[in-house]
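Read the structure below first, then the notes.
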Amino acid sequence: MGKVLLIVVLVLLVLAVAQMMRVYELSSKVRGRKEPTITRRENNMNAVLMLVFCIAFFGFVIWQMVAYGMGGKGPSVSIHGEATDWLIGLNFGIIIPVFFLCNALLFYFAFKFAYKKDRDVYYFTHNNKLEMMWTVAPAIVLAIIIVLGLRTWNDITDMSGDYVVHEHTGLVVNDGQVESNFEFKAAYQTVEEAGVGLSNLSGSSKLVLVEKGGEWVLQTYEMDGESALIITEQKKFNSRNSALLSLVDEEVSMFTELKEQKHIEIYSKQFDWTTRYAGKDNALGDANFKLIDYNSWGDTNTFLNPLGLISSETIELHFNRIDARVSYLNEFLGSAEAAFETDEKLAEMTEEMERLKRKKMRVQSTIANDMGLNAMNQSEVNSRVYDDVILKGDIHLVVGQPYQFQFKSQDVIHSAYFPHFRAQMNCVPGMATQIKFTPTMTTKEFREHPDVIAKYEAINKAREKVGKPLVEASFLLLCNKICGLSHSNMWVNVIVETQEEYEAWMADQKTFEQQLQASNLK
Amino acid sequence: MGAHAHAHHHKESFITKYIFSQDHKMIAKQFLFTAIIMGVVGMFLSLLFRIQLGWPGPNMLNSIFLGDWAPDGVMNSNMYLGLVTIHGTIMVFFVLTGGLSGTFSNLLIPLQLGARDMASGFLNMFSYWFFCLSSVIMLVSLFVESGPAMAGWTVYPPISVLEESVPGSGLGMTLWLVSMAIFIASSLLGSLNYIVTILNLRTKGMKMTRMPLTIWAFFVTAILGVLSFPVLLSAAVLLIMDRSFGTSFYISDIFIDGHALDQTGGSPILFQHLFWFLGHPEVYIVLLPALGITSEIIATNSRKPIFGYRAMIGSILAIGFLSFIVWGHHMFITGMNPFLGGVFVFTTLLIAIPSAVKVFNYITTIWKGNIVFTPAMMFSIGLVSTFITGGVTGIILADSALDIDVHDTYFVVGHFHIVMGLSAIFGMFAGLYHWFPKLYGRMMNRKMGYVHFWVTIVCGYGVFFPMHFTGLAGAPRRYYDYSEFPFLDHVVDLNVVISVFAVIGTLAQVIFLFNFFYSAIRGAKAIENPWKSNTLEWTTPVEHVHGNWVGEIPEVHRWPYDYSKPGKEEDFCPQNIPLEEGEEEHG
Ligand code: HEM
Ligand SMILES: [Cu+2]
Ligand SMILES: [Cu+2]
């Protein structure tokens, strides 16, 4: 493909140069001559070119549609992404014919009605009926686009629905791991609502798998009347896989799973991403940018708090560092050494000292008070943050697990763009933005998808030719808002895996509490 | 004042004639000349970064033109951002706003309405000199040591506020803001003048409903400018305060360069609302004059009345009105309330209706016409084609659920370049080829015009169409290198295609420049009405005179589109020809 392109392009280049030489020649004749009126030959030639151009242009467009397609990102790997893809398909289905038709008419008429001396020109100033028609027709089409578009938009942006129901079928065991096909059913705000909702899902099985505080509970339920749900049987398992294995043993092939939305934070700064997993309690701890320590100021304790998380320890640490710095500055300014520094430097130091003092007062009166450093809710605040897991680099997600993402930025606006998930949200300093999505395919499944295999075979063939290392498909999170020097290099992989793989990976990660302990702060 | 100015004009020195001129025709030429220089610079910047995208790595051009910003000929990625920022700013504001309106509103409003000059020649002169000054400052900002503004043409804070975030947010950004503030002053002076002139200085018989569509377009454009540019000015002033006086209108909770900033409580999103409150009307400030020019040229060269004159006016007004209530479509994924997003989807898609009406009316105008392919006519047809192509992709972008997926990707870059970089620029070229005889009293070379048109439209589509596909494949905009993303490998060759077309397309503009300057000095002498057109400017003498008409200003008796009217000998009938007995004005 690349070669053909190059040749086409070279031919065009040669033509262009040839044309320009001709132009030069012509222009030398221009001088002094009276510009003659357009000749019939010229006019007809341009008319024909209009048609030729139109055909060539359409050919160019069709070639691109065939060679590159509308689905350049591959299959969507989130639940809402399927709706997005369907909607974009519908919209293209509308606009592509409009594009071809209008352009064809335009260029064809340009060709057809080229000047002829005795042509009968139609003195046609207006026609209300016609104009009404082509006002109303687009209006109707647009109404359809608006209604369907807003429906999808409302679904995607609806942040309620803390509980999501999936229906699983076709359980198979593979290497001791159970795999299943699942279908997204509905989202609810509370467990109770979900229970009632479940009973209304016709065809749903009477078996529900729920995660509760790290345990997996398999419930059989029945409806008592319209709205009351009775659980007739409960079995507990300590991993999802063992619960599923028990289903396989009993030859159950269909069950419903109630999943709580997991909270996750994506924190951006120039030029990297940090992910914070909410931990067991599924609640993200509090944070404030004023507690960020980037510099330990000579402190032997090198613990830094890059997200500004709030706990008793981080506040204390921050105050200690401020105090240490202030007393250092104070001492220095009062010492004999100060005499050797420039006035500018001294003024700078004085200012820094004042700023730190101010800051400490502010932090004391806001954050420390809010969290009640001296009061009751301290332990609550602490427990929210202790189990959070903070990691730079690749993001790990569980297939079928609904996520609610919270985005933050420390410096400038970034944008978290997940092309494969059809998701994107800006990260804006000073506010937390949100989206939700549920991955539907593991990275492994994605790599085995026929479209993806075909795409990467072609890519690797081309890479092999130029001696570049071969690559595998993976999901990405890219920065998509102009943010400075490494804007185009601000990306990480998103790894989607099964619950079991995720748990195995997570078991090796340190919680915030463990990090504090490792630094002897707790 | 009028009498004084008149007396003054009769004994002109070089300075009052060519430099501090108050004559609208000279001012139009000054705007044009400045815009051409800016256009050449903008185009050249794009050449630099297009080469970077097509063939990343070291090259000669970088070493020659970027100096320290390209060690060993490899472009620094901050400089890449600086180049796209200044390119966008120059093209949108200096070429397509200042240049397009400044040239054609100034030239045509008095001439087509039958006025001796603008309402205030004095303000008009100031409008130009502000424009010139702001252009100079913008160009100077390219040469400051810490680089030009690098925050994108939309200069979103906080990146535009924090010098620590990119070097361009230092002096470069200050110059950008100063330049834009002066530019806005220029634009406001110009727009007020246009509005007053159109409302007050029409010749006898020139009812609003007999005005050429060009004037209608300039009129609505000027109103949009007057209502929206002040908002940008306020936005810029607040930005300056945040940058220099420690206020926090736009910034909050920022930790950068090792310390937490004191400012809290502001919102970066506020700036985006203010910016796009101008920004969206701005795209129509750019496009409407081009559409007006096209309406005029298509009717003249089809030798046929424009179809649906009143619907055309209606659609200009509708577009003008709606363009004020759609700005949020640039902000669907800033975390705005989804309900608000829904409202913006609705209003945005409404704009497609008047746009569609315009397209259908153009197509109907050439249907059963008798087309004379002047270069102006060809660029006008090109405009209609690109307006169709760019308009339909707007529908995808306006659908918020889909915008999540394509926002800030090359799909958007493709969309707006097709409507601005092609449609609006084509309108400008069309206008230049068409009114060149009025500007310089000479004709441009037609054959060069043909070559210019064909190479430009082929390259134009060749550059901007493939961008839709790289965008759909997930390529974010404003990346300075795409070669390190395997998931984009299958579209990376499109980047080469685009860059090749871009280089050829740029070279084709040399033909235009040559033709323009050569013809201005040496071109064939024009006759009074070379295109057999109906509007009043073609009743003025070829040599410019003050006051435009030597004797009385002609009186207007009919609408401007009596082409091929049944019962007439000729296929045109200028506005100043009285109706014959029993002749209906138009049917
Ligand atoms: C049918 C009419 C149109 C519709 C529905 C439409 C819709 C949109 C939407 C929704 C966006 C935001 C996309 C995004 O950032 O994700 C956009 C961007 C843009 N449009 Fe249009 N548009 C239309 C016509 C035009 C015209 C006529 C122009 C200019 C002459 C134009 C110029 C632009 C520009 C410059 C941007 C991008 C600004 C930026 O982010 O840098 N559009 N358009
Ligand atoms: Cu970023
Ligand atoms: Cu817009």
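Each chain of the structure tokens is named A, B, ... in the order shown, its residues numbered from 1; ligands are numbered from 1 in display order.
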- Task: Tell me the residues of chain A close to chain B, meaning within 6 Å using only C-alpha atoms, as number ranges by chain.
- Result: A: 33-35, 43, 72-73, 95, 103, 106, 109, 113-115, 121-123, 125-126, 149, 153, 290, 294, 410-412, 419, 422, 424-426, 430, 433, 480, 484-485, 488
- Enumerate residues in contact with ligand 2: an atom-to-atom distance of at most 10 Å, counting only C-alpha atoms and all ligand atoms. Format the result as a VMD selection string. chain A and resid 268 to 273 409 411 to 416 426 to 427 478 to 491
Keeping N, CA and C atoms for every residue in the selection just given, could you write it to a file as a PDB file, in the first residue's frame?
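Generated output (result.pdb):
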ATOM      1  N   SER A 268      -3.915  13.205  37.067  1.00  0.00           N
ATOM      2  CA  SER A 268      -2.979  13.567  36.004  1.00  0.00           C
ATOM      3  C   SER A 268      -2.119  14.742  36.403  1.00  0.00           C
ATOM      4  N   LYS A 269      -0.925  14.731  35.892  1.00  0.00           N
ATOM      5  CA  LYS A 269      -0.060  15.900  36.000  1.00  0.00           C
ATOM      6  C   LYS A 269       0.909  15.839  34.841  1.00  0.00           C
ATOM      7  N   GLN A 270       1.631  16.927  34.615  1.00  0.00           N
ATOM      8  CA  GLN A 270       2.622  16.912  33.556  1.00  0.00           C
ATOM      9  C   GLN A 270       3.704  15.890  33.905  1.00  0.00           C
ATOM     10  N   PHE A 271       4.001  14.795  33.284  1.00  0.00           N
ATOM     11  CA  PHE A 271       3.293  14.255  32.164  1.00  0.00           C
ATOM     12  C   PHE A 271       3.060  12.784  32.422  1.00  0.00           C
ATOM     13  N   ASP A 272       2.303  12.498  33.478  1.00  0.00           N
ATOM     14  CA  ASP A 272       2.028  11.089  33.756  1.00  0.00           C
ATOM     15  C   ASP A 272       0.672  10.902  34.432  1.00  0.00           C
ATOM     16  N   TRP A 273       0.289   9.651  34.531  1.00  0.00           N
ATOM     17  CA  TRP A 273      -0.999   9.290  35.121  1.00  0.00           C
ATOM     18  C   TRP A 273      -0.761   8.471  36.373  1.00  0.00           C
ATOM     19  N   SER A 409      -6.641  16.789  38.126  1.00  0.00           N
ATOM     20  CA  SER A 409      -5.371  17.248  37.588  1.00  0.00           C
ATOM     21  C   SER A 409      -4.703  18.162  38.586  1.00  0.00           C
ATOM     22  N   ASP A 411      -2.005  20.313  37.582  1.00  0.00           N
ATOM     23  CA  ASP A 411      -1.391  21.519  37.041  1.00  0.00           C
ATOM     24  C   ASP A 411      -2.217  22.154  35.920  1.00  0.00           C
ATOM     25  N   VAL A 412      -2.223  21.531  34.738  1.00  0.00           N
ATOM     26  CA  VAL A 412      -2.983  22.110  33.638  1.00  0.00           C
ATOM     27  C   VAL A 412      -4.078  21.126  33.258  1.00  0.00           C
ATOM     28  N   ILE A 413      -4.911  21.497  32.289  1.00  0.00           N
ATOM     29  CA  ILE A 413      -5.964  20.563  31.888  1.00  0.00           C
ATOM     30  C   ILE A 413      -5.348  19.436  31.059  1.00  0.00           C
ATOM     31  N   HIS A 414      -5.677  18.218  31.425  1.00  0.00           N
ATOM     32  CA  HIS A 414      -5.341  17.064  30.598  1.00  0.00           C
ATOM     33  C   HIS A 414      -6.667  16.427  30.212  1.00  0.00           C
ATOM     34  N   SER A 415      -6.617  15.482  29.311  1.00  0.00           N
ATOM     35  CA  SER A 415      -7.866  14.795  29.016  1.00  0.00           C
ATOM     36  C   SER A 415      -7.594  13.309  28.946  1.00  0.00           C
ATOM     37  N   ALA A 416      -8.381  12.555  29.703  1.00  0.00           N
ATOM     38  CA  ALA A 416      -8.178  11.105  29.741  1.00  0.00           C
ATOM     39  C   ALA A 416      -8.971  10.493  28.593  1.00  0.00           C
ATOM     40  N   ASN A 426     -12.210  15.268  30.430  1.00  0.00           N
ATOM     41  CA  ASN A 426     -11.140  16.194  30.777  1.00  0.00           C
ATOM     42  C   ASN A 426     -10.774  16.078  32.253  1.00  0.00           C
ATOM     43  N   CYS A 427      -9.502  16.312  32.544  1.00  0.00           N
ATOM     44  CA  CYS A 427      -9.044  16.367  33.926  1.00  0.00           C
ATOM     45  C   CYS A 427      -8.745  17.841  34.199  1.00  0.00           C
ATOM     46  N   LEU A 478      -4.641   7.793  26.769  1.00  0.00           N
ATOM     47  CA  LEU A 478      -3.769   8.826  26.215  1.00  0.00           C
ATOM     48  C   LEU A 478      -4.220  10.188  26.711  1.00  0.00           C
ATOM     49  N   CYS A 479      -3.261  11.125  26.764  1.00  0.00           N
ATOM     50  CA  CYS A 479      -3.659  12.493  27.090  1.00  0.00           C
ATOM     51  C   CYS A 479      -4.148  13.171  25.825  1.00  0.00           C
ATOM     52  N   ASN A 480      -5.295  13.807  25.914  1.00  0.00           N
ATOM     53  CA  ASN A 480      -5.866  14.412  24.717  1.00  0.00           C
ATOM     54  C   ASN A 480      -6.227  15.880  24.927  1.00  0.00           C
ATOM     55  N   LYS A 481      -5.442  16.573  25.741  1.00  0.00           N
ATOM     56  CA  LYS A 481      -5.621  18.021  25.804  1.00  0.00           C
ATOM     57  C   LYS A 481      -4.231  18.628  25.873  1.00  0.00           C
ATOM     58  N   ILE A 482      -3.986  19.570  24.998  1.00  0.00           N
ATOM     59  CA  ILE A 482      -2.652  20.169  24.887  1.00  0.00           C
ATOM     60  C   ILE A 482      -2.143  20.533  26.283  1.00  0.00           C
ATOM     61  N   CYS A 483      -0.974  19.982  26.653  1.00  0.00           N
ATOM     62  CA  CYS A 483      -0.544  20.167  28.035  1.00  0.00           C
ATOM     63  C   CYS A 483       0.946  20.420  28.173  1.00  0.00           C
ATOM     64  N   GLY A 484       1.661  20.560  27.044  1.00  0.00           N
ATOM     65  CA  GLY A 484       3.069  20.909  27.176  1.00  0.00           C
ATOM     66  C   GLY A 484       4.002  19.917  26.511  1.00  0.00           C
ATOM     67  N   LEU A 485       5.252  20.018  26.926  1.00  0.00           N
ATOM     68  CA  LEU A 485       6.353  19.326  26.242  1.00  0.00           C
ATOM     69  C   LEU A 485       6.065  17.875  25.889  1.00  0.00           C
ATOM     70  N   SER A 486       5.654  17.069  26.861  1.00  0.00           N
ATOM     71  CA  SER A 486       5.484  15.644  26.582  1.00  0.00           C
ATOM     72  C   SER A 486       4.034  15.251  26.409  1.00  0.00           C
ATOM     73  N   HIS A 487       3.229  16.172  25.958  1.00  0.00           N
ATOM     74  CA  HIS A 487       1.809  15.891  25.736  1.00  0.00           C
ATOM     75  C   HIS A 487       1.620  14.610  24.931  1.00  0.00           C
ATOM     76  N   SER A 488       2.432  14.459  23.879  1.00  0.00           N
ATOM     77  CA  SER A 488       2.231  13.313  23.001  1.00  0.00           C
ATOM     78  C   SER A 488       2.859  12.045  23.558  1.00  0.00           C
ATOM     79  N   ASN A 489       3.417  12.153  24.737  1.00  0.00           N
ATOM     80  CA  ASN A 489       4.054  10.980  25.297  1.00  0.00           C
ATOM     81  C   ASN A 489       3.439  10.619  26.635  1.00  0.00           C
ATOM     82  N   MET A 490       2.256  11.141  26.860  1.00  0.00           N
ATOM     83  CA  MET A 490       1.629  10.968  28.165  1.00  0.00           C
ATOM     84  C   MET A 490       0.560   9.886  28.052  1.00  0.00           C
ATOM     85  N   TRP A 491       1.002   8.636  28.148  1.00  0.00           N
ATOM     86  CA  TRP A 491       0.037   7.547  27.984  1.00  0.00           C
ATOM     87  C   TRP A 491       0.439   6.363  28.838  1.00  0.00           C
TER      88      TRP A 491
END
- Could you pull out all residues of stretch 344-483 of chain A with a DSSP call of strand (DSSP E or B) and give them as an MDAnalysis selection string? chainID A and resid 389:392 395:398 403:409 414:418 423:427 433:437 439 475:479
- Excluding same-chain residues fewer than 5 positions from A:Tyr163, what lies within 6 Å of it counting only C-alpha atoms, as a ChimeraX atom specification? /A:187-189,259-261
If you keep N, CA, C and O atoms, can you produce a file of those selected residues as an mmCIF file, in the first residue's frame?
data_model
loop_
_atom_site.group_PDB
_atom_site.id
_atom_site.type_symbol
_atom_site.label_atom_id
_atom_site.label_comp_id
_atom_site.auth_asym_id
_atom_site.auth_seq_id
_atom_site.Cartn_x
_atom_site.Cartn_y
_atom_site.Cartn_z
ATOM 1 N N ALA A 187 -28.905 -1.082 35.567
ATOM 2 C CA ALA A 187 -28.166 -0.465 36.660
ATOM 3 C C ALA A 187 -29.150 0.078 37.683
ATOM 4 O O ALA A 187 -30.201 0.583 37.331
ATOM 5 N N TYR A 188 -28.799 -0.061 38.956
ATOM 6 C CA TYR A 188 -29.672 0.412 40.031
ATOM 7 C C TYR A 188 -28.857 1.171 41.052
ATOM 8 O O TYR A 188 -27.651 1.009 41.137
ATOM 9 N N GLN A 189 -29.582 1.975 41.854
ATOM 10 C CA GLN A 189 -28.828 2.772 42.819
ATOM 11 C C GLN A 189 -28.595 2.078 44.139
ATOM 12 O O GLN A 189 -27.622 2.349 44.816
ATOM 13 N N LYS A 259 -23.231 -6.472 40.601
ATOM 14 C CA LYS A 259 -21.900 -5.936 40.866
ATOM 15 C C LYS A 259 -21.979 -4.506 41.330
ATOM 16 O O LYS A 259 -22.667 -3.688 40.728
ATOM 17 N N GLU A 260 -21.259 -4.240 42.372
ATOM 18 C CA GLU A 260 -21.224 -2.875 42.854
ATOM 19 C C GLU A 260 -20.214 -2.100 42.009
ATOM 20 O O GLU A 260 -19.138 -2.604 41.702
ATOM 21 N N GLN A 261 -20.589 -0.856 41.654
ATOM 22 C CA GLN A 261 -19.668 -0.027 40.890
ATOM 23 C C GLN A 261 -18.418 0.259 41.718
ATOM 24 O O GLN A 261 -18.528 0.654 42.870
#
- Item | Long-range neighbours of A:Val178 as a PyMOL selection string, 7 Å cut-off, only C-alpha atoms, 2 positions minimum in chain | chain A and resi 171-174+176+180+241+244-245
Prev. selection, all heavy atoms, output as a PDB file, in the first residue's frame:
ATOM      1  N   LEU A 171     -21.118 -21.176  30.925  1.00  0.00           N
ATOM      2  CA  LEU A 171     -19.910 -21.279  31.746  1.00  0.00           C
ATOM      3  C   LEU A 171     -18.993 -22.368  31.192  1.00  0.00           C
ATOM      4  O   LEU A 171     -19.452 -23.461  30.895  1.00  0.00           O
ATOM      5  CB  LEU A 171     -20.284 -21.651  33.181  1.00  0.00           C
ATOM      6  CG  LEU A 171     -21.214 -20.697  33.916  1.00  0.00           C
ATOM      7  CD1 LEU A 171     -21.483 -21.216  35.319  1.00  0.00           C
ATOM      8  CD2 LEU A 171     -20.583 -19.334  33.984  1.00  0.00           C
ATOM      9  N   VAL A 172     -17.729 -22.063  31.058  1.00  0.00           N
ATOM     10  CA  VAL A 172     -16.768 -23.109  30.696  1.00  0.00           C
ATOM     11  C   VAL A 172     -15.549 -23.008  31.604  1.00  0.00           C
ATOM     12  O   VAL A 172     -15.179 -21.921  32.051  1.00  0.00           O
ATOM     13  CB  VAL A 172     -16.274 -22.990  29.229  1.00  0.00           C
ATOM     14  CG1 VAL A 172     -17.327 -23.474  28.261  1.00  0.00           C
ATOM     15  CG2 VAL A 172     -15.827 -21.586  28.925  1.00  0.00           C
ATOM     16  N   VAL A 173     -14.966 -24.161  31.857  1.00  0.00           N
ATOM     17  CA  VAL A 173     -13.766 -24.158  32.704  1.00  0.00           C
ATOM     18  C   VAL A 173     -12.544 -24.265  31.803  1.00  0.00           C
ATOM     19  O   VAL A 173     -12.513 -25.051  30.870  1.00  0.00           O
ATOM     20  CB  VAL A 173     -13.787 -25.344  33.687  1.00  0.00           C
ATOM     21  CG1 VAL A 173     -12.606 -25.234  34.650  1.00  0.00           C
ATOM     22  CG2 VAL A 173     -15.083 -25.368  34.446  1.00  0.00           C
ATOM     23  N   ASN A 174     -11.593 -23.421  32.075  1.00  0.00           N
ATOM     24  CA  ASN A 174     -10.393 -23.354  31.248  1.00  0.00           C
ATOM     25  C   ASN A 174      -9.216 -23.176  32.187  1.00  0.00           C
ATOM     26  O   ASN A 174      -9.149 -22.168  32.885  1.00  0.00           O
ATOM     27  CB  ASN A 174     -10.537 -22.142  30.315  1.00  0.00           C
ATOM     28  CG  ASN A 174      -9.724 -22.331  29.068  1.00  0.00           C
ATOM     29  OD1 ASN A 174      -8.875 -23.205  29.002  1.00  0.00           O
ATOM     30  ND2 ASN A 174      -9.994 -21.488  28.086  1.00  0.00           N
ATOM     31  N   GLY A 176      -8.730 -24.402  35.017  1.00  0.00           N
ATOM     32  CA  GLY A 176      -9.202 -24.180  36.380  1.00  0.00           C
ATOM     33  C   GLY A 176      -9.918 -22.856  36.587  1.00  0.00           C
ATOM     34  O   GLY A 176     -10.424 -22.561  37.652  1.00  0.00           O
ATOM     35  N   SER A 180     -17.177 -17.086  31.164  1.00  0.00           N
ATOM     36  CA  SER A 180     -18.596 -17.060  30.797  1.00  0.00           C
ATOM     37  C   SER A 180     -18.851 -15.921  29.812  1.00  0.00           C
ATOM     38  O   SER A 180     -18.032 -15.033  29.657  1.00  0.00           O
ATOM     39  CB  SER A 180     -19.437 -16.825  32.043  1.00  0.00           C
ATOM     40  OG  SER A 180     -19.122 -15.554  32.571  1.00  0.00           O
ATOM     41  N   ASN A 241     -14.119 -17.329  41.698  1.00  0.00           N
ATOM     42  CA  ASN A 241     -13.907 -18.519  40.898  1.00  0.00           C
ATOM     43  C   ASN A 241     -14.480 -19.755  41.587  1.00  0.00           C
ATOM     44  O   ASN A 241     -15.112 -20.585  40.949  1.00  0.00           O
ATOM     45  CB  ASN A 241     -12.414 -18.681  40.618  1.00  0.00           C
ATOM     46  CG  ASN A 241     -12.166 -19.539  39.402  1.00  0.00           C
ATOM     47  OD1 ASN A 241     -12.852 -19.381  38.391  1.00  0.00           O
ATOM     48  ND2 ASN A 241     -11.220 -20.448  39.508  1.00  0.00           N
ATOM     49  N   LEU A 244     -18.121 -19.878  41.116  1.00  0.00           N
ATOM     50  CA  LEU A 244     -18.491 -20.289  39.762  1.00  0.00           C
ATOM     51  C   LEU A 244     -18.256 -21.783  39.562  1.00  0.00           C
ATOM     52  O   LEU A 244     -19.056 -22.466  38.925  1.00  0.00           O
ATOM     53  CB  LEU A 244     -17.703 -19.496  38.720  1.00  0.00           C
ATOM     54  CG  LEU A 244     -17.974 -17.993  38.700  1.00  0.00           C
ATOM     55  CD1 LEU A 244     -17.316 -17.352  37.498  1.00  0.00           C
ATOM     56  CD2 LEU A 244     -19.467 -17.706  38.678  1.00  0.00           C
ATOM     57  N   LEU A 245     -17.173 -22.294  40.145  1.00  0.00           N
ATOM     58  CA  LEU A 245     -16.889 -23.722  40.012  1.00  0.00           C
ATOM     59  C   LEU A 245     -18.035 -24.550  40.603  1.00  0.00           C
ATOM     60  O   LEU A 245     -18.436 -25.567  40.044  1.00  0.00           O
ATOM     61  CB  LEU A 245     -15.568 -24.069  40.695  1.00  0.00           C
ATOM     62  CG  LEU A 245     -14.316 -23.781  39.854  1.00  0.00           C
ATOM     63  CD1 LEU A 245     -13.058 -23.973  40.688  1.00  0.00           C
ATOM     64  CD2 LEU A 245     -14.267 -24.673  38.618  1.00  0.00           C
TER      65      LEU A 245
END
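Using only C-alpha atoms and all ligand atoms, the nearest neighbour of ligand 3 within the list B:Pro541, B:Pro437, B:Gly279, B:Pro56 is B:Gly279.
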- Which residue, B:Pro281, B:Pro110, B:Pro212, B:Gly205, has the smallest gap to ligand 1 when you use only C-alpha atoms and all ligand atoms? B:Pro281
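With only C-alpha atoms and all ligand atoms as the atoms that count, the minimum distance from ligand 3 to the choices B:Gln272, B:Gln575, B:Ser483, B:Thr209 is reached by B:Gln272.
Listed by chain and then residue number, the contacts of ligand 3 are Gly279, His280, Val283, Val326, Trp327, His329 and His330 of chain B (distance at most 7 Å, using only C-alpha atoms and all ligand atoms).
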- Message: With DSSP run on the backbone, what are the alpha helix (DSSP H) residues within stretch 306-413 of chain B? I'd like them as an MDAnalysis selection string.
- Response: chainID B and resid 309:322 338:366 375:398 400:406 410:413
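The list of residues with at least one atom within 9 Å of A:Asn44, based on only C-alpha atoms and without residues fewer than 3 positions apart in the same chain, reads A:Thr39, A:Arg40, A:Arg41, A:Ala47, A:Val48, A:Leu49, A:Phe111, A:Ala114, A:Tyr115, B:Phe373.
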- Test item: residues at most 9 Å from B:Arg50, only C-alpha atoms, excluding those fewer than 3 positions along its chain, as number ranges by chain: B: 45-47, 53-55, 495-496, 498-500, 502-503
Kindly export the residues of the current selection with N, CA and C atoms, as a PDB file, in the first residue's frame.
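Wrote it out as selection_36.pdb, contents follow:
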ATOM      1  N   LEU B  45       4.326  28.241   8.511  1.00  0.00           N
ATOM      2  CA  LEU B  45       4.394  27.514   9.782  1.00  0.00           C
ATOM      3  C   LEU B  45       3.794  26.124   9.618  1.00  0.00           C
ATOM      4  N   SER B  46       2.677  26.051   8.891  1.00  0.00           N
ATOM      5  CA  SER B  46       2.035  24.744   8.744  1.00  0.00           C
ATOM      6  C   SER B  46       2.925  23.814   7.938  1.00  0.00           C
ATOM      7  N   LEU B  47       3.672  24.374   7.016  1.00  0.00           N
ATOM      8  CA  LEU B  47       4.584  23.548   6.230  1.00  0.00           C
ATOM      9  C   LEU B  47       5.618  22.897   7.159  1.00  0.00           C
ATOM     10  N   LEU B  53       5.319  16.046  10.846  1.00  0.00           N
ATOM     11  CA  LEU B  53       4.389  14.935  11.034  1.00  0.00           C
ATOM     12  C   LEU B  53       4.566  13.853   9.974  1.00  0.00           C
ATOM     13  N   GLY B  54       4.874  14.280   8.750  1.00  0.00           N
ATOM     14  CA  GLY B  54       5.042  13.295   7.679  1.00  0.00           C
ATOM     15  C   GLY B  54       6.349  12.531   7.827  1.00  0.00           C
ATOM     16  N   TRP B  55       7.404  13.269   8.121  1.00  0.00           N
ATOM     17  CA  TRP B  55       8.726  12.649   8.204  1.00  0.00           C
ATOM     18  C   TRP B  55       9.417  13.114   9.478  1.00  0.00           C
ATOM     19  N   ASN B 495      -0.486   9.978   7.129  1.00  0.00           N
ATOM     20  CA  ASN B 495       0.220  11.192   7.508  1.00  0.00           C
ATOM     21  C   ASN B 495       1.204  11.631   6.438  1.00  0.00           C
ATOM     22  N   VAL B 496       1.795  10.644   5.773  1.00  0.00           N
ATOM     23  CA  VAL B 496       2.712  10.980   4.685  1.00  0.00           C
ATOM     24  C   VAL B 496       1.916  11.538   3.507  1.00  0.00           C
ATOM     25  N   ILE B 498      -0.898  13.061   3.559  1.00  0.00           N
ATOM     26  CA  ILE B 498      -1.341  14.411   3.911  1.00  0.00           C
ATOM     27  C   ILE B 498      -0.198  15.407   3.721  1.00  0.00           C
ATOM     28  N   SER B 499       0.982  15.029   4.200  1.00  0.00           N
ATOM     29  CA  SER B 499       2.091  15.978   4.134  1.00  0.00           C
ATOM     30  C   SER B 499       2.519  16.247   2.697  1.00  0.00           C
ATOM     31  N   VAL B 500       2.471  15.213   1.861  1.00  0.00           N
ATOM     32  CA  VAL B 500       2.838  15.438   0.461  1.00  0.00           C
ATOM     33  C   VAL B 500       1.853  16.400  -0.192  1.00  0.00           C
ATOM     34  N   ALA B 502       0.161  18.546   1.295  1.00  0.00           N
ATOM     35  CA  ALA B 502       0.337  19.860   1.914  1.00  0.00           C
ATOM     36  C   ALA B 502       1.481  20.619   1.252  1.00  0.00           C
ATOM     37  N   VAL B 503       2.563  19.907   0.955  1.00  0.00           N
ATOM     38  CA  VAL B 503       3.703  20.578   0.327  1.00  0.00           C
ATOM     39  C   VAL B 503       3.313  21.072  -1.074  1.00  0.00           C
TER      40      VAL B 503
END
- Message: One number please: atom CA of A:Gln514 to atom CA of A:Gly279, in Å, one decimal.
- Response: 12.5 Å
- Message: For a quick check of understanding, using only C-alpha atoms and all ligand atoms, which of B:Gly414, B:Gly190, B:Pro58, B:Gly67 has the smallest distance to ligand 1?
- Response: B:Gly414
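Using only C-alpha atoms and all ligand atoms, the shortest contact distance between ligand 1 and any of B:Thr97, B:Thr247, B:Thr103, B:Thr535 is found at B:Thr97.
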